[in-house]
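Student: Got a structure for you, upload-v7.cif, holding mmCIF, C-alpha atoms.
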data_final
loop_
_atom_site.label_atom_id
_atom_site.label_comp_id
_atom_site.auth_asym_id
_atom_site.auth_seq_id
_atom_site.Cartn_x
_atom_site.Cartn_y
_atom_site.Cartn_z
CA MET A 10 -6.89 22.06 17.20
CA THR A 11 -9.02 18.95 16.89
CA THR A 12 -8.40 16.31 19.53
CA ASP A 13 -9.25 12.61 19.61
CA ALA A 14 -9.95 10.76 22.83
CA THR A 15 -8.12 7.52 23.43
CA ARG A 16 -9.82 4.23 24.10
CA THR A 17 -8.23 3.76 27.54
CA GLY A 18 -10.01 6.51 29.43
CA ASP A 19 -7.04 8.87 29.39
CA GLU A 20 -7.36 12.56 28.72
CA PRO A 21 -7.73 13.60 25.06
CA ARG A 22 -4.55 14.23 23.16
CA THR A 23 -3.82 15.98 19.90
CA ALA A 24 -3.53 13.93 16.76
CA ASP A 25 0.10 14.93 16.27
CA ALA A 26 1.28 14.31 19.82
CA THR A 27 3.04 11.04 18.96
CA PRO A 28 5.65 10.40 16.25
CA VAL A 29 4.51 8.31 13.28
CA GLY A 30 6.83 5.44 14.07
CA ALA A 31 6.37 5.44 17.85
CA ALA A 32 4.58 2.63 19.68
CA PRO A 33 2.24 4.08 22.31
CA ALA A 34 -0.30 1.78 23.91
CA ASP A 35 -3.06 4.34 23.47
CA ALA A 36 -2.47 5.73 19.98
CA VAL A 37 -5.26 7.95 18.77
CA VAL A 38 -7.42 6.56 16.02
CA PRO A 39 -9.21 9.04 13.76
CA VAL A 40 -9.42 6.67 10.76
CA SER A 41 -12.13 4.19 11.72
CA ASP A 42 -15.80 3.46 11.36
CA SER A 43 -16.47 3.60 15.07
CA GLY A 44 -13.76 5.85 16.49
CA PRO A 45 -14.43 9.08 18.33
CA PRO A 46 -16.13 11.81 16.30
CA THR A 47 -13.97 14.53 14.85
CA ALA A 48 -14.76 18.21 14.82
CA GLY A 49 -17.52 19.01 12.39
CA ASP A 50 -18.95 15.50 12.57
CA PRO A 51 -22.70 15.51 13.29
CA ALA A 52 -21.95 12.94 16.02
CA ASP A 53 -19.66 15.43 17.77
CA PRO A 54 -21.64 17.12 20.57
CA THR A 55 -19.63 20.31 20.10
CA THR A 56 -20.81 20.64 16.51
CA ALA A 57 -24.32 21.61 17.54
CA ALA A 58 -22.91 24.50 19.56
CA ARG A 59 -20.95 25.95 16.64
CA GLY A 60 -22.10 29.30 15.40
CA GLY A 61 -22.24 30.87 11.99
CA GLY A 62 -18.51 31.56 12.07
CA PHE A 63 -17.73 27.86 12.29
CA TRP A 64 -19.85 27.06 9.23
CA ALA A 65 -18.41 30.00 7.30
CA TRP A 66 -14.87 28.75 7.91
CA THR A 67 -15.94 25.19 7.03
CA LEU A 68 -17.44 26.42 3.76
CA LEU A 69 -14.17 28.22 2.99
CA GLY A 70 -12.32 24.99 3.71
CA LEU A 71 -14.56 23.06 1.32
CA VAL A 72 -13.93 25.67 -1.38
CA ILE A 73 -10.17 25.21 -0.88
CA VAL A 74 -10.41 21.39 -0.97
CA VAL A 75 -12.59 21.34 -4.10
CA GLY A 76 -10.44 24.00 -5.78
CA LEU A 77 -7.26 22.00 -5.20
CA ALA A 78 -9.03 18.87 -6.45
CA ALA A 79 -10.06 20.65 -9.64
CA LEU A 80 -6.49 21.85 -10.13
CA THR A 81 -5.29 18.27 -9.62
CA ARG A 82 -7.62 17.01 -12.36
CA TYR A 83 -6.55 19.83 -14.65
CA LEU A 84 -2.86 18.96 -14.22
CA GLU A 85 -3.52 15.23 -14.63
CA GLN A 86 -5.27 15.81 -17.95
CA ASN A 87 -2.98 18.49 -19.39
CA VAL A 88 0.58 17.84 -18.19
CA PRO A 89 1.10 14.87 -20.58
CA GLY A 90 0.26 17.17 -23.52
CA TRP A 91 2.51 19.95 -22.26
CA ALA A 92 5.40 17.50 -21.78
CA GLU A 93 4.99 15.85 -25.18
CA GLY A 94 8.16 16.03 -27.23
CA SER A 95 10.26 17.21 -24.29
CA ALA A 96 12.90 15.44 -22.21
CA VAL A 97 10.33 14.80 -19.45
CA GLU A 98 7.65 13.34 -21.73
CA ASP A 99 7.73 9.89 -20.10
CA VAL A 100 7.54 11.31 -16.58
CA GLY A 101 4.80 13.75 -17.51
CA SER A 102 2.62 11.00 -18.95
CA ALA A 103 3.22 8.62 -16.03
CA VAL A 104 2.57 10.89 -13.05
CA GLU A 105 -0.78 9.98 -11.51
CA TYR A 106 -3.39 12.10 -9.79
CA PRO A 107 -2.41 11.01 -6.23
CA VAL A 108 0.97 12.70 -6.77
CA TYR A 109 -0.59 16.01 -7.81
CA ALA A 110 -3.31 15.79 -5.15
CA ILE A 111 -0.99 15.14 -2.22
CA LEU A 112 1.58 17.71 -3.39
CA LEU A 113 -1.10 20.37 -3.86
CA GLY A 114 -2.59 19.41 -0.49
CA LEU A 115 0.80 19.86 1.16
CA LEU A 116 1.29 23.24 -0.53
CA GLY A 117 -2.18 24.24 0.57
CA ASN A 118 -1.32 23.05 4.07
CA VAL A 119 1.65 25.40 4.19
CA ALA A 120 -0.43 28.31 2.88
CA VAL A 121 -3.36 27.96 5.30
CA THR A 122 -0.98 27.38 8.20
CA LEU A 123 0.91 30.60 7.44
CA LEU A 124 -2.41 32.43 7.14
CA GLY A 125 -3.56 31.02 10.49
CA TRP A 126 -6.59 29.33 8.90
CA ARG A 127 -5.67 25.66 9.22
CA ASP A 128 -7.44 24.76 12.47
CA ARG A 129 -10.44 26.94 11.60
CA ILE A 130 -11.12 25.15 8.31
CA ALA A 131 -10.09 21.66 9.50
CA ALA A 132 -13.71 20.44 9.67
CA ALA A 133 -13.77 20.55 5.86
CA PHE A 134 -10.99 17.96 5.55
CA ARG A 135 -13.39 15.00 5.28
CA THR A 136 -10.70 12.46 4.41
CA GLU A 137 -12.52 9.47 5.82
CA PHE A 138 -15.77 10.18 3.98
CA PHE A 139 -14.04 10.92 0.67
CA ILE A 140 -11.75 7.91 0.76
CA LYS A 141 -14.38 5.38 1.77
CA THR A 142 -16.82 6.62 -0.86
CA GLY A 143 -14.07 6.38 -3.47
CA LEU A 144 -13.17 2.84 -2.45
CA VAL A 145 -16.77 1.68 -2.59
CA LEU A 146 -16.99 3.08 -6.12
CA LEU A 147 -13.70 1.34 -6.96
CA GLY A 148 -15.52 -1.96 -6.55
CA ALA A 149 -17.57 -1.15 -9.65
CA SER A 150 -14.44 -1.48 -11.81
CA ILE A 151 -13.77 -5.04 -10.61
CA ASN A 152 -15.70 -7.45 -12.82
CA LEU A 153 -15.80 -10.88 -11.22
CA ALA A 154 -16.28 -12.51 -14.63
CA VAL A 155 -12.92 -11.15 -15.80
CA ILE A 156 -11.17 -12.55 -12.74
CA ALA A 157 -12.62 -15.99 -13.48
CA SER A 158 -10.66 -16.20 -16.76
CA ALA A 159 -7.42 -16.46 -14.84
CA ALA A 160 -8.85 -17.37 -11.46
CA GLY A 161 -6.63 -20.33 -10.68
CA PRO A 162 -3.12 -18.89 -11.04
CA ALA A 163 -4.18 -15.36 -10.10
CA ILE A 164 -5.80 -16.41 -6.83
CA ALA A 165 -2.93 -18.75 -5.99
CA GLN A 166 -0.39 -16.00 -6.61
CA ALA A 167 -2.42 -13.43 -4.69
CA ILE A 168 -2.81 -15.64 -1.61
CA LEU A 169 0.83 -16.75 -1.52
CA LEU A 170 2.21 -13.30 -2.33
CA ILE A 171 0.03 -11.37 0.10
CA SER A 172 0.70 -13.85 2.90
CA GLY A 173 4.45 -13.97 2.33
CA VAL A 174 5.02 -10.24 1.84
CA PHE A 175 2.66 -9.23 4.65
CA LEU A 176 4.31 -11.54 7.18
CA PHE A 177 7.82 -10.52 6.10
CA THR A 178 6.99 -6.82 6.37
CA TRP A 179 5.25 -7.28 9.73
CA TRP A 180 8.26 -9.21 11.07
CA LEU A 181 10.81 -6.72 9.72
CA ALA A 182 8.88 -3.70 11.02
CA GLY A 183 8.81 -5.36 14.43
CA LYS A 184 12.59 -5.81 14.30
CA PHE A 185 12.87 -2.07 13.57
CA GLY A 186 10.67 -1.31 16.58
CA LEU A 187 7.78 0.31 14.69
CA ASP A 188 4.35 0.82 16.23
CA ASP A 189 1.99 -2.10 15.55
CA LYS A 190 -0.48 0.15 13.75
CA LEU A 191 2.15 1.51 11.41
CA ARG A 192 3.37 -2.06 10.90
CA ALA A 193 -0.13 -3.05 9.80
CA LEU A 194 -0.38 -0.13 7.35
CA LEU A 195 3.04 -0.74 5.80
CA ALA A 196 2.50 -4.50 5.53
CA SER A 197 -0.94 -4.08 3.95
CA ALA A 198 0.20 -1.41 1.50
CA VAL A 199 3.22 -3.26 0.15
CA SER A 200 1.55 -6.70 0.03
CA ILE A 201 -1.90 -5.90 -1.40
CA CYS A 202 -2.76 -2.72 -3.26
CA GLY A 203 -0.98 0.30 -1.86
CA VAL A 204 -2.99 3.23 -0.58
CA SER A 205 -6.37 1.45 -0.77
CA ALA A 206 -5.12 -1.42 1.39
CA ALA A 207 -3.47 0.98 3.83
CA ILE A 208 -6.79 2.79 4.23
CA ALA A 209 -8.65 -0.47 4.85
CA ALA A 210 -5.99 -1.45 7.40
CA ALA A 211 -6.18 1.98 9.03
CA GLY A 212 -9.89 1.52 9.60
CA ALA A 213 -9.37 -1.96 11.02
CA VAL A 214 -6.58 -1.06 13.46
CA ARG A 215 -7.61 2.57 14.07
CA ALA A 216 -4.36 4.09 12.92
CA ARG A 217 -3.64 7.82 13.04
CA ARG A 218 -3.99 10.01 9.97
CA GLU A 219 -0.29 10.90 10.09
CA GLN A 220 0.54 7.20 9.80
CA LEU A 221 -1.82 6.83 6.84
CA ALA A 222 -0.40 9.93 5.13
CA TYR A 223 3.15 8.65 5.67
CA THR A 224 2.31 5.24 4.21
CA ALA A 225 0.49 6.78 1.23
CA SER A 226 3.52 8.93 0.49
CA LEU A 227 5.82 5.89 0.51
CA VAL A 228 3.51 4.01 -1.86
CA ILE A 229 3.55 6.85 -4.37
CA ILE A 230 7.32 7.40 -4.11
CA PHE A 231 8.06 3.72 -4.81
CA ALA A 232 5.31 3.14 -7.40
CA LEU A 233 6.35 5.88 -9.82
CA PRO A 234 9.79 4.51 -10.81
CA SER A 235 8.36 0.98 -10.89
CA ILE A 236 6.22 1.97 -13.89
CA PHE A 237 9.38 2.14 -16.00
CA ILE A 238 11.76 -0.22 -14.19
CA LEU A 239 9.60 -3.37 -14.16
CA PRO A 240 8.74 -3.46 -17.91
CA TRP A 241 12.43 -2.84 -18.66
CA LEU A 242 13.51 -5.66 -16.32
CA ALA A 243 10.89 -7.99 -17.82
CA ASP A 244 12.44 -7.37 -21.22
CA VAL A 245 15.97 -7.86 -19.84
CA PHE A 246 14.96 -11.15 -18.20
CA GLY A 247 13.19 -12.32 -21.37
CA LEU A 248 9.89 -12.94 -19.57
CA SER A 249 6.82 -14.00 -21.53
CA ASP A 250 3.95 -11.52 -21.69
CA ALA A 251 1.89 -13.52 -19.19
CA VAL A 252 4.73 -13.83 -16.66
CA ALA A 253 5.67 -10.18 -17.09
CA GLY A 254 2.07 -9.13 -16.52
CA ALA A 255 1.70 -11.30 -13.44
CA TRP A 256 4.98 -9.93 -12.05
CA ILE A 257 3.92 -6.32 -12.65
CA GLY A 258 0.43 -6.87 -11.23
CA GLY A 259 1.81 -8.53 -8.13
CA ASN A 260 4.40 -5.84 -7.39
CA ILE A 261 3.27 -2.31 -8.12
CA ASP A 262 1.12 -0.97 -5.30
CA THR A 263 -1.42 1.17 -7.16
CA THR A 264 -3.88 0.01 -9.79
CA ALA A 265 -3.26 3.02 -12.03
CA ALA A 266 0.51 2.45 -11.95
CA VAL A 267 -0.03 -1.24 -12.73
CA THR A 268 -2.06 -0.23 -15.77
CA ALA A 269 0.65 2.17 -16.94
CA ALA A 270 3.44 -0.40 -16.52
CA GLY A 271 1.38 -3.17 -18.11
CA ALA A 272 0.70 -0.98 -21.13
CA LEU A 273 4.44 -0.47 -21.56
CA ALA A 274 4.99 -4.23 -21.41
CA GLY A 275 2.33 -5.08 -24.02
CA GLU A 276 -1.39 -5.77 -24.43
CA GLU A 277 -1.37 -9.33 -23.04
CA ALA A 278 0.88 -8.27 -20.17
CA LEU A 279 -1.57 -5.48 -19.39
CA GLN A 280 -4.52 -7.89 -19.28
CA ILE A 281 -2.76 -10.33 -16.95
CA ALA A 282 -1.39 -7.53 -14.77
CA SER A 283 -4.88 -6.10 -14.35
CA ILE A 284 -6.40 -9.47 -13.42
CA VAL A 285 -3.67 -10.17 -10.86
CA LYS A 286 -4.02 -6.72 -9.29
CA VAL A 287 -7.81 -6.96 -9.22
CA THR A 288 -7.53 -10.35 -7.49
CA GLN A 289 -5.27 -8.84 -4.84
CA ASN A 290 -7.68 -5.93 -4.42
CA ALA A 291 -10.53 -8.38 -3.86
CA LEU A 292 -8.63 -9.93 -0.93
CA MET A 293 -8.41 -6.55 0.80
CA GLY A 294 -11.57 -7.30 2.80
CA VAL A 295 -10.14 -10.60 4.06
CA VAL A 296 -7.05 -8.85 5.38
CA ALA A 297 -9.20 -6.13 6.99
CA VAL A 298 -11.19 -8.76 8.88
CA ALA A 299 -8.02 -10.55 9.99
CA LEU A 300 -6.43 -7.32 11.23
CA THR A 301 -9.61 -6.34 13.05
CA ALA A 302 -9.66 -9.67 14.87
CA TYR A 303 -5.94 -9.62 15.67
CA PHE A 304 -5.90 -6.10 17.10
CA THR A 305 -9.09 -6.66 19.08
CA LEU A 306 -8.11 -10.05 20.51
CA ARG A 307 -4.35 -9.62 20.91
CA VAL A 308 -2.77 -6.19 20.49
CA GLU A 309 -5.28 -4.05 22.40
CA ARG A 310 -6.61 -6.61 24.86
CA ARG A 311 -5.56 -5.83 28.43
CA PRO A 312 -4.32 -8.58 30.80
CA GLY A 313 -7.23 -10.05 32.71
CA ALA A 314 -9.82 -8.36 30.53
CA ALA A 315 -12.80 -10.32 29.27
CA ARG A 316 -12.45 -11.86 25.84
CA PRO A 317 -13.97 -9.51 23.24
CA ARG A 318 -17.25 -10.66 21.75
CA LEU A 319 -18.03 -11.07 18.08
CA GLY A 320 -20.06 -7.86 18.28
CA GLU A 321 -16.90 -5.89 18.96
CA LEU A 322 -15.26 -7.35 15.86
CA TRP A 323 -18.26 -6.17 13.87
CA THR A 324 -18.04 -2.71 15.44
CA ARG A 325 -14.35 -2.46 14.54
CA PHE A 326 -14.71 -3.90 11.04
CA PRO A 327 -14.41 -1.16 8.33
CA LYS A 328 -17.87 -1.57 6.85
CA PHE A 329 -17.09 0.28 3.63
CA VAL A 330 -15.36 -2.95 2.55
CA LEU A 331 -18.83 -4.52 2.29
CA GLY A 332 -19.84 -1.68 -0.01
CA PHE A 333 -16.71 -2.33 -2.06
CA ILE A 334 -17.69 -6.00 -2.51
CA ALA A 335 -21.34 -5.15 -3.20
CA ALA A 336 -20.33 -2.63 -5.89
CA SER A 337 -18.23 -5.30 -7.59
CA VAL A 338 -21.10 -7.80 -7.59
CA ILE A 339 -23.63 -5.24 -8.84
CA ALA A 340 -21.31 -3.97 -11.59
CA THR A 341 -20.62 -7.51 -12.77
CA TRP A 342 -24.35 -8.26 -12.95
CA TYR A 343 -25.11 -4.93 -14.63
CA LEU A 344 -22.48 -5.37 -17.33
CA ASP A 345 -23.75 -8.85 -18.08
CA ALA A 346 -27.32 -7.52 -18.38
CA ALA A 347 -26.62 -4.26 -20.23
CA GLY A 348 -23.78 -5.42 -22.47
CA ALA A 349 -21.76 -2.76 -24.28
CA ASP A 350 -24.17 -0.02 -23.24
CA GLY A 351 -23.29 -0.63 -19.61
CA LYS A 352 -19.66 0.35 -20.08
CA ALA A 353 -20.58 4.03 -20.42
CA THR A 354 -22.33 3.91 -17.05
CA ILE A 355 -19.39 2.19 -15.37
CA ALA A 356 -17.09 4.82 -16.91
CA ILE A 357 -19.14 7.53 -15.20
CA VAL A 358 -18.88 5.67 -11.89
CA ASN A 359 -15.11 5.33 -12.34
CA ASP A 360 -14.76 9.05 -13.06
CA LEU A 361 -16.77 9.86 -9.95
CA ARG A 362 -14.52 7.52 -7.97
CA VAL A 363 -11.43 9.39 -9.18
CA TRP A 364 -12.94 12.67 -8.01
CA PHE A 365 -13.61 11.32 -4.52
CA LEU A 366 -10.10 9.86 -4.26
CA ILE A 367 -8.61 13.17 -5.39
CA LEU A 368 -10.61 14.98 -2.70
CA ALA A 369 -9.33 12.44 -0.17
CA PHE A 370 -5.68 12.81 -1.17
CA VAL A 371 -5.94 16.62 -1.13
CA SER A 372 -7.43 16.39 2.37
CA ILE A 373 -4.64 14.07 3.50
CA GLY A 374 -2.08 16.65 2.33
CA LEU A 375 -3.94 19.42 4.12
CA GLU A 376 -4.15 17.38 7.33
CA VAL A 377 -0.50 16.35 7.53
CA ARG A 378 1.46 17.57 10.53
CA VAL A 379 4.97 17.88 9.15
CA ALA A 380 6.56 17.56 12.59
CA SER A 381 5.06 14.10 13.05
CA LEU A 382 6.31 12.90 9.65
CA ARG A 383 9.78 14.27 10.33
CA GLU A 384 9.94 12.51 13.69
CA ALA A 385 9.22 9.14 12.06
CA GLY A 386 12.83 9.00 10.84
CA TRP A 387 14.36 6.54 8.42
CA ARG A 388 13.08 3.26 9.86
CA PRO A 389 9.68 3.09 8.07
CA VAL A 390 11.41 3.95 4.78
CA ALA A 391 13.95 1.16 5.31
CA VAL A 392 11.18 -1.31 6.11
CA PHE A 393 9.13 -0.35 3.05
CA ALA A 394 12.15 -0.48 0.74
CA SER A 395 13.24 -3.90 2.04
CA ALA A 396 9.71 -5.26 1.75
CA THR A 397 9.51 -3.98 -1.83
CA VAL A 398 12.68 -5.86 -2.78
CA PHE A 399 11.33 -9.01 -1.10
CA ASN A 400 8.04 -8.54 -2.97
CA LEU A 401 9.92 -8.24 -6.29
CA ALA A 402 11.77 -11.51 -5.74
CA LEU A 403 8.83 -13.54 -4.43
CA ALA A 404 6.43 -12.25 -7.12
CA LEU A 405 8.90 -13.08 -9.89
CA GLY A 406 9.23 -16.63 -8.61
CA LEU A 407 5.47 -17.12 -8.27
CA ALA A 408 4.70 -15.54 -11.65
CA SER A 409 7.30 -17.71 -13.38
CA LEU A 410 5.87 -20.83 -11.74
CA LEU A 411 2.14 -20.16 -12.09
CA PHE A 412 1.97 -18.34 -15.44
CA ARG A 413 4.77 -19.97 -17.44
CA ASN A 414 2.32 -21.99 -19.57
CA PHE A 415 -0.61 -19.60 -19.37
CA SER A 416 -2.53 -18.74 -22.52
CA ALA A 417 -5.55 -16.43 -22.60
#
For the file at hand, write its structure as structure tokens.
Tutor:
Amino acid sequence: MTTDATRTGDEPRTADATPVGAAPADAVVPVSDSGPPTAGDPADPTTAARGGGFWAWTLLGLVIVVGLAALTRYLEQNVPGWAEGSAVEDVGSAVEYPVYAILLGLLGNVAVTLLGWRDRIAAAFRTEFFIKTGLVLLGASINLAVIASAAGPAIAQAILLISGVFLFTWWLAGKFGLDDKLRALLASAVSICGVSAAIAAAGAVRARREQLAYTASLVIIFALPSIFILPWLADVFGLSDAVAGAWIGGNIDTTAAVTAAGALAGEEALQIASIVKVTQNALMGVVAVALTAYFTLRVERRPGAARPRLGELWTRFPKFVLGFIAASVIATWYLDAAGADGKATIAIVNDLRVWFLILAFVSIGLEVRVASLREAGWRPVAVFASATVFNLALALGLASLLFRNFSA
């Protein structure tokens, strides 16, 4: 079994030795730019000593990961057609690839565990590489020129909403006694952009993979019904298209789910929802920097220890966020220069991004230690649910205030 050394000089411990919701002072931290190398990493001194058997098992693991990813894409593209005209047509068309990927990863996890292969092929579960590559490519879909068309109200809503929901979730999770790293993941996910924000936060605070998998599961579970509930509520409340779009974009925690819900609410609602969500996504890097500084200077600083230097903040900062921002800037420039012809190129980049994210979600499912998730109990679910309700109320108020007179 792969082990990760702690940062306090203690003996290595297994990645599933602590419950998801526990609060150890030395939690292991496999999701980071600068954390200890994992098995199979070229930086791991044990990798060089691996023989042909290790690489054969790793190759088998890669075949399994890619095969499950291909099956995920196949289901994503074909289930809506299979469900057409049936009682589950709406559900079949709304289910996103993260749902299939994580479920197939979990099923694969059970299979390879029963076969006794899991630890032998674990080096192929390159979650960190897949997810960070996917998020950098995600930046290419964020055109800064589009944001500028609704910059004022969108930025104001994003700042107020992220700040309010993040602080409420952080406070509530503390009242429930959750580990600070899980608090950071939950607060980032519900206040910014779901799984992507949780991953950025995980890199900043060095959270455990079990905590990231748990948070990603909660995001998906809550996002799916929101696709249908929020457009229906917007109609019940008689919201304008702009307000409805801003409310949807500020609430649902995944970009794909926001797009699906916005489409149900109408074309203008979809446009505003997308701009609001993109604006929140763009603030992900700011939150990552803030969390890096907070955990370095406050949470993990020992009494009497020297004040960390700026260099340590840079070491801890999840550097893929810079790639995310750079991709957004480059894509914006490229689309301006290439015009309509550039959209085909960006579509290829977006498709490649989906593939990397699918590989990441499959790997997360394969890596999950069920015992750790079970031990987390009901408290993280209660925190996430309460924060979601708070997010709904605050976002509705802000959207009604900031977008009531908006016209594209």
Student: Determine the nearest neighbour of A:Leu368 from the options A:Ala213, A:Ala391, A:Leu77, A:Ala282, counting all atoms listed in the file.
Tutor: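 Closest candidate: A:Leu77.
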Student: Could you tell me which of A:Gly148, A:Gly348, A:Gly183, A:Gly203 comes closest to A:Phe329 if we count only C-alpha atoms?
Tutor: A:Gly148
Student: Using Å and a single decimal, report how far atom CA of A:Leu176 sits from atom CA of A:Ser283.
Tutor: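 Atom CA of A:Leu176 lies 24.0 Å from atom CA of A:Ser283.
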Student: Quick one: of A:Leu80, A:Ala198, A:Leu273, A:Trp64, who's nearest to A:Ser102, counting all atoms listed in the file?
Tutor: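 The closest residue to A:Ser102 is A:Leu273.
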Student: Please compute the atom CA of A:Ala266-atom CA of A:Glu105 distance, one decimal, in Å.
Tutor: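 Between atom CA of A:Ala266 and atom CA of A:Glu105 the gap works out to 7.7 Å.
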Student: If the PyMOL selection byres ((chain A and resi 249) around 10) is run on the structure shown, which residues does it catch, given as a ChimeraX atom specification?
Tutor: /A:243-244,246-248,250-255,274,277-278,409,412-415
Student: So what do you get for atom CA of A:Lys328 versus atom CA of A:Phe393, distance-wise?
Tutor: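 Straight-line distance from atom CA of A:Lys328 to atom CA of A:Phe393 works out to 27.3 Å.
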Student: Which residue, A:Ile130, A:Ile73, A:Ile367, A:Ala402, has the smallest gap to A:Leu116 when you use only C-alpha atoms?
Tutor: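 Between A:Ile130, A:Ile73, A:Ile367, A:Ala402, the residue approaching A:Leu116 most closely is A:Ile73.
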Student: Which residues, named as in the file, does the PyMOL selection byres ((chain A and resi 398) around 12) pick out? Answer as a ChimeraX atom specification.
Tutor: /A:174,177-178,199-200,231,235,260-261,391-397,399-405
Student: Determine the axis-aligned bounding box of all atoms of stretch 76-93 of chain A present in the file, pad each side by 6 Å, and express its centre and edge lengths in Å to one decimal place as JSON.
Tutor:
{"center_x": -2.5, "center_y": 19.4, "center_z": -15.2, "size_x": 27.8, "size_y": 21.1, "size_z": 32.0}
Student: Applied to the shown file, which residues does the PyMOL selection byres ((chain A and resi 86) around 12) return, written as a PyMOL selection string?
Tutor: chain A and resi 79-85+87-92+101-106+109
Student: May I have the residues at most 10 Å from (-14.9, 11.6, -5.2) in the file's coordinates, counting all atoms listed in the file, as a list in words?
Tutor: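 The residues near that point, listed by chain and number, are Ala78, Phe138, Phe139, Ile140, Lys141, Thr142, Gly143, Leu144, Leu146, Val358, Asn359, Asp360, Leu361, Arg362, Val363, Trp364, Phe365, Leu366, Ile367, Leu368 and Ala369 of chain A.
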Student: List the spatial neighbours of A:Ser197 as a PDB file with C-alpha atoms, in the frame of the given file - criterion: any atom at most 9 Å away, all atoms listed in the file, same-chain residues fewer than 2 positions off excluded.
Tutor:
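New file around09.pdb:
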ATOM      1  CA  ILE A 171       0.030 -11.370   0.100  1.00  0.00           C
ATOM      2  CA  VAL A 174       5.020 -10.240   1.840  1.00  0.00           C
ATOM      3  CA  PHE A 175       2.660  -9.230   4.650  1.00  0.00           C
ATOM      4  CA  THR A 178       6.990  -6.820   6.370  1.00  0.00           C
ATOM      5  CA  ARG A 192       3.370  -2.060  10.900  1.00  0.00           C
ATOM      6  CA  ALA A 193      -0.130  -3.050   9.800  1.00  0.00           C
ATOM      7  CA  LEU A 194      -0.380  -0.130   7.350  1.00  0.00           C
ATOM      8  CA  LEU A 195       3.040  -0.740   5.800  1.00  0.00           C
ATOM      9  CA  VAL A 199       3.220  -3.260   0.150  1.00  0.00           C
ATOM     10  CA  SER A 200       1.550  -6.700   0.030  1.00  0.00           C
ATOM     11  CA  ILE A 201      -1.900  -5.900  -1.400  1.00  0.00           C
ATOM     12  CA  CYS A 202      -2.760  -2.720  -3.260  1.00  0.00           C
ATOM     13  CA  GLY A 203      -0.980   0.300  -1.860  1.00  0.00           C
ATOM     14  CA  VAL A 204      -2.990   3.230  -0.580  1.00  0.00           C
ATOM     15  CA  ALA A 206      -5.120  -1.420   1.390  1.00  0.00           C
ATOM     16  CA  ALA A 207      -3.470   0.980   3.830  1.00  0.00           C
ATOM     17  CA  ALA A 209      -8.650  -0.470   4.850  1.00  0.00           C
ATOM     18  CA  ALA A 210      -5.990  -1.450   7.400  1.00  0.00           C
ATOM     19  CA  MET A 293      -8.410  -6.550   0.800  1.00  0.00           C
ATOM     20  CA  VAL A 296      -7.050  -8.850   5.380  1.00  0.00           C
TER      21      VAL A 296
END
Student: What's around A:Ala163 at 10 Å? Count all atoms listed in the file, leave out sequence neighbours fewer than 4 positions away in its own chain, and write the answer as a list in words.
Tutor: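 Listed by chain and then number, they are Ile156, Ala157, Ser158, Ala159, Ala167, Ile168, Ala255, Gly258, Gly259, Ile281, Ala282, Ile284, Val285, Lys286, Val287, Thr288, Gln289, Leu407, Ala408, Leu411 and Phe412 of chain A.
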Student: I'd like to know which of A:Trp387, A:Trp179, A:Ala346, A:Val108 is closest to A:Val228, using all atoms listed in the file.
Tutor: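 Distance minimum relative to A:Val228 lands on A:Val108.
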Student: Can you pull out the residues contacting A:Ser337? Cut-off 10 Å, using all atoms listed in the file, and skip same-chain residues under 4 positions away; I want them as a CSV table (one decimal) with C-alpha atoms, in the frame of the given file.
Tutor:
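So result-v6.csv came out as:
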chain,number,residue,atom,x,y,z
A,145,VAL,CA,-16.8,1.7,-2.6
A,146,LEU,CA,-17.0,3.1,-6.1
A,147,LEU,CA,-13.7,1.3,-7.0
A,148,GLY,CA,-15.5,-2.0,-6.6
A,149,ALA,CA,-17.6,-1.2,-9.6
A,150,SER,CA,-14.4,-1.5,-11.8
A,151,ILE,CA,-13.8,-5.0,-10.6
A,152,ASN,CA,-15.7,-7.4,-12.8
A,153,LEU,CA,-15.8,-10.9,-11.2
A,291,ALA,CA,-10.5,-8.4,-3.9
A,331,LEU,CA,-18.8,-4.5,2.3
A,332,GLY,CA,-19.8,-1.7,0.0
A,333,PHE,CA,-16.7,-2.3,-2.1
A,341,THR,CA,-20.6,-7.5,-12.8
A,342,TRP,CA,-24.4,-8.3,-13.0
A,343,TYR,CA,-25.1,-4.9,-14.6
